[in-house]
There are 2 protein chains.
Amino acid sequence: MGHLRAPVTRREKQREATYDEIVAVAAQLLAEGADLSLRAVAGRMGMTAPALYRYVANYQQLVDLVAFELDKAATAEWATAAERFPEDDPAARLTVACVRFRNWALTKPREFALVFANPIAEADSQRRELLTVSTSGHYFTDLLWQVWDQRRFPYPALDELDPVIREAVLEPLIPAKAEHIPSEDRGLLWIYMRAWSALYGVVTLESTGHCDPRVIASGQLFRATLLDWFGPLGLSEDRERLLAIMDEELALR
Amino acid sequence: MGHLRAPVTRREKQREATYDEIVAVAAQLLAEGADLSLRAVAGRMGMTAPALYRYVANYQQLVDLVAFELDKAATAEWATAAERFPEDDPAARLTVACVRFRNWALTKPREFALVFANPIAEADSQRRELLTVSTSGHYFTDLLWQVWDQRRFPYPALDELDPVIREAVLEPLIPAKAEHIPSEDRGLLWIYMRAWSALYGVVTLESTGHCDPRVIASGQLFRATLLDWFGPLGLSEDRERLLAIMDEELALR
DNA sequence: CAGTTTCGTTAACGCCGTTAACCGTAAACG
DNA sequence: CGTTTACGGTTAACGGCGTTAACGAAACTG
């Protein structure tokens, strides 16, 4: 990891600490139901708002910074929860992670909206880059890969894919830990995109509340959506076991 | 429709016109890429901001009002587009409407976010009510009903459903034109919820840009998602025909 | 015509993001 | 070591926001 050189001068350490405090304070603000604002963050740090411009170019960048860190923290949370199952049981881990993702989205809708529902303009290449290194994206891709490595479920060959999609899976722009996936297996990423789309869909629907609250409370819509993917991911044999894990995790909230 | 009595006094007509102008100006503002704000709307109407409080209790209510009308207008758009197929071909109409919905979401992401991605707080019963009468929701439910009426695809019986879901389909809170659906057929609404969740999911993913732009441009993710529903909706026989319609509509943007 | 309701105004408050000008001090340098 | 530079903060100010209060004119109502 010793990449380049880390001249940890006194100043740099100080600066790093300030960044951490910014994120911490912002997260705290969000958790309290307050709005995220430069002034509020600065105020709570005992600073004035213009000072924050030494760390962040504008408001949107503050949002992006906080979003990135929230995503990182949340992913770590799901990951450690998933670790109650051994490394050689990625199916169970994936199940846990998905449910934890949903539970997080439901308990922290504001944070979820910040990370996953805040619009990304086309031209805004800066933000696209941040998106590309999204921690949760890498985590889920990797889990899916592990499941495939074990179950060998079918995926489209490259020449079955639409040319544009083929390009997209060979040279992914989107968060995906895909470097270690050989190009002939990149069809897997199409499965990933489709599965992520489904997961993202229900969770967004539920988290934003565009849904009958009773349906959300029951968890049935989410459950059914996940269930649909057991087959394509070669998990049919584990159906009952995974369902039990799912319901157990669902019951936690 | 002559409900109660409509004493169309001069004042009431004036007031109605002002409401219309508010919505029109707001939509115009949004279309120009400007932010929606009370001051901007008022300004463009030649009024001062506090005057708007005679029409709207606060900013959120302006947003809700505009959202409702945008939804209404957009739905009318999809509906007329769908009418190029006859009434006795609801499958084709549904296909067109879905693609048009997506195209709308992609060309007007700001409007889409306003209507479909703006969070609805739990306690906020006022906004729930507005959601309940969502025009697009009614439209899609009705189309799905018509498809079922023709194809009789299978749906879960009431006693197969989770009790909470059973309650939710018998006494729907969510936008659904369901009064005319007999209670023994209400399992249909479960299909509706699941299908809507899938549609909402991809469209939101694409509209907010949390997705590889090339994948969006190709339309393949959306196409595949819709394709998955041909089977469950009893449309397998029409597969090729509907796919042709879909691709035709997709090519329009 | 008198009384009241409706619909608009102006003034003001407290937020917000953002910029400009300024300044002490810690680090870097000859 | 002393000088210079650059960093990390300040205050003041601008324009915009939602929102409230006090007020006035015009329109309806009896």
# chains A, B, ... in the order shown; residues from 1 in each chain; ligands from 1
>>> interface_residues(of="chain B", to="chain C", cutoff="12 Å", atoms="only C-alpha atoms (C1' of nucleotides)", output="MDAnalysis selection string")
chainID B and resid 11:12 14:15 18 42 46:55
>>> closest_atom_pairs(of="chain A", to="chain B", cutoff="10 Å", atoms="only C-alpha atoms", output="JSON lines")
{"residue": "A:Pro109", "atom": "CA", "partner": "B:Pro119", "partner_atom": "CA", "distance": 8.3}
{"residue": "A:Arg110", "atom": "CA", "partner": "B:Pro119", "partner_atom": "CA", "distance": 8.6}
{"residue": "A:Ala113", "atom": "CA", "partner": "B:Pro119", "partner_atom": "CA", "distance": 8.3}
{"residue": "A:Val115", "atom": "CA", "partner": "B:His210", "partner_atom": "CA", "distance": 10.0}
{"residue": "A:Phe116", "atom": "CA", "partner": "B:His210", "partner_atom": "CA", "distance": 7.4}
{"residue": "A:Ala117", "atom": "CA", "partner": "B:Thr208", "partner_atom": "CA", "distance": 6.6}
{"residue": "A:Asn118", "atom": "CA", "partner": "B:Thr208", "partner_atom": "CA", "distance": 6.9}
{"residue": "A:Pro119", "atom": "CA", "partner": "B:Thr208", "partner_atom": "CA", "distance": 4.5}
{"residue": "A:Ile120", "atom": "CA", "partner": "B:Gly209", "partner_atom": "CA", "distance": 5.3}
{"residue": "A:Ala121", "atom": "CA", "partner": "B:Gly209", "partner_atom": "CA", "distance": 7.1}
{"residue": "A:Glu122", "atom": "CA", "partner": "B:Gly209", "partner_atom": "CA", "distance": 7.6}
{"residue": "A:Arg128", "atom": "CA", "partner": "B:His210", "partner_atom": "CA", "distance": 8.9}
{"residue": "A:Leu131", "atom": "CA", "partner": "B:His210", "partner_atom": "CA", "distance": 7.9}
{"residue": "A:Thr132", "atom": "CA", "partner": "B:Asp212", "partner_atom": "CA", "distance": 9.5}
{"residue": "A:Leu161", "atom": "CA", "partner": "B:Gln220", "partner_atom": "CA", "distance": 9.5}
{"residue": "A:Asp162", "atom": "CA", "partner": "B:Gln220", "partner_atom": "CA", "distance": 7.6}
{"residue": "A:Pro163", "atom": "CA", "partner": "B:Ser218", "partner_atom": "CA", "distance": 9.1}
{"residue": "A:Val164", "atom": "CA", "partner": "B:Ser218", "partner_atom": "CA", "distance": 6.4}
{"residue": "A:Ile165", "atom": "CA", "partner": "B:Val215", "partner_atom": "CA", "distance": 6.2}
{"residue": "A:Arg166", "atom": "CA", "partner": "B:Val215", "partner_atom": "CA", "distance": 9.7}
{"residue": "A:Glu167", "atom": "CA", "partner": "B:Arg214", "partner_atom": "CA", "distance": 8.5}
{"residue": "A:Ala168", "atom": "CA", "partner": "B:Arg214", "partner_atom": "CA", "distance": 6.8}
{"residue": "A:Val169", "atom": "CA", "partner": "B:Val215", "partner_atom": "CA", "distance": 9.6}
{"residue": "A:Pro172", "atom": "CA", "partner": "B:Asp212", "partner_atom": "CA", "distance": 7.7}
{"residue": "A:Leu173", "atom": "CA", "partner": "B:Asp212", "partner_atom": "CA", "distance": 6.0}
{"residue": "A:Ile174", "atom": "CA", "partner": "B:Asp212", "partner_atom": "CA", "distance": 5.6}
{"residue": "A:Pro175", "atom": "CA", "partner": "B:Cys211", "partner_atom": "CA", "distance": 9.0}
{"residue": "A:Trp190", "atom": "CA", "partner": "B:Leu221", "partner_atom": "CA", "distance": 8.9}
{"residue": "A:Met193", "atom": "CA", "partner": "B:Leu221", "partner_atom": "CA", "distance": 7.9}
{"residue": "A:Arg194", "atom": "CA", "partner": "B:Leu221", "partner_atom": "CA", "distance": 6.8}
{"residue": "A:Trp196", "atom": "CA", "partner": "B:Val202", "partner_atom": "CA", "distance": 9.6}
{"residue": "A:Ser197", "atom": "CA", "partner": "B:Val202", "partner_atom": "CA", "distance": 5.8}
{"residue": "A:Ala198", "atom": "CA", "partner": "B:Gly201", "partner_atom": "CA", "distance": 6.3}
{"residue": "A:Leu199", "atom": "CA", "partner": "B:Gly201", "partner_atom": "CA", "distance": 8.1}
{"residue": "A:Tyr200", "atom": "CA", "partner": "B:Gly201", "partner_atom": "CA", "distance": 6.5}
{"residue": "A:Gly201", "atom": "CA", "partner": "B:Gly201", "partner_atom": "CA", "distance": 3.3}
{"residue": "A:Val202", "atom": "CA", "partner": "B:Ser197", "partner_atom": "CA", "distance": 5.8}
{"residue": "A:Val203", "atom": "CA", "partner": "B:Gly201", "partner_atom": "CA", "distance": 8.5}
{"residue": "A:Thr204", "atom": "CA", "partner": "B:Gly201", "partner_atom": "CA", "distance": 7.3}
{"residue": "A:Leu205", "atom": "CA", "partner": "B:Ser197", "partner_atom": "CA", "distance": 6.9}
{"residue": "A:Glu206", "atom": "CA", "partner": "B:Ser197", "partner_atom": "CA", "distance": 9.2}
{"residue": "A:Ser207", "atom": "CA", "partner": "B:Pro119", "partner_atom": "CA", "distance": 7.9}
{"residue": "A:Thr208", "atom": "CA", "partner": "B:Pro119", "partner_atom": "CA", "distance": 4.5}
{"residue": "A:Gly209", "atom": "CA", "partner": "B:Ile120", "partner_atom": "CA", "distance": 5.3}
{"residue": "A:His210", "atom": "CA", "partner": "B:Ile120", "partner_atom": "CA", "distance": 6.9}
{"residue": "A:Cys211", "atom": "CA", "partner": "B:Ile174", "partner_atom": "CA", "distance": 6.5}
{"residue": "A:Asp212", "atom": "CA", "partner": "B:Ile174", "partner_atom": "CA", "distance": 5.6}
{"residue": "A:Pro213", "atom": "CA", "partner": "B:Glu122", "partner_atom": "CA", "distance": 8.0}
{"residue": "A:Arg214", "atom": "CA", "partner": "B:Val164", "partner_atom": "CA", "distance": 6.6}
{"residue": "A:Val215", "atom": "CA", "partner": "B:Ile165", "partner_atom": "CA", "distance": 6.2}
{"residue": "A:Ile216", "atom": "CA", "partner": "B:Ile165", "partner_atom": "CA", "distance": 9.7}
{"residue": "A:Ala217", "atom": "CA", "partner": "B:Val164", "partner_atom": "CA", "distance": 8.6}
{"residue": "A:Ser218", "atom": "CA", "partner": "B:Val164", "partner_atom": "CA", "distance": 6.5}
{"residue": "A:Gly219", "atom": "CA", "partner": "B:Ile165", "partner_atom": "CA", "distance": 9.7}
{"residue": "A:Gln220", "atom": "CA", "partner": "B:Asp162", "partner_atom": "CA", "distance": 7.6}
{"residue": "A:Leu221", "atom": "CA", "partner": "B:Arg194", "partner_atom": "CA", "distance": 6.8}
{"residue": "A:Phe222", "atom": "CA", "partner": "B:Arg194", "partner_atom": "CA", "distance": 9.3}
{"residue": "A:Ala224", "atom": "CA", "partner": "B:Arg194", "partner_atom": "CA", "distance": 8.3}
{"residue": "A:Thr225", "atom": "CA", "partner": "B:Arg194", "partner_atom": "CA", "distance": 7.9}
>>> interface_residues(of="chain D", to="chain A", cutoff="12 Å", atoms="only C-alpha atoms (C1' of nucleotides)", output="list in words")
DA6, DC7, DG8, DG9, DT10, DT11 and DA12 of chain D
>>> select_by_dssp(residues="region 32-143 of chain A", states="helix (DSSP H, G or I)", output="VMD selection string")
chain A and resid 38 to 44 49 to 54 59 to 82 90 to 107 109 to 117 125 to 132 135 to 143
>>> atom_distance(atom1="CA of Pro232 (chain A)", atom2="CA of Arg84 (chain A)")
24.6 Å
>>> residues_around(residues="region 250-253 of chain A", least_positions_apart="6", cutoff="9 Å", atoms="only C-alpha atoms (C1' of nucleotides)", output="PyMOL selection string")
chain A and resi 99-100+102-103+107+219+223
>>> atom_distance(atom1="CA of Tyr139 (chain A)", atom2="CA of Glu240 (chain A)")
24.6 Å
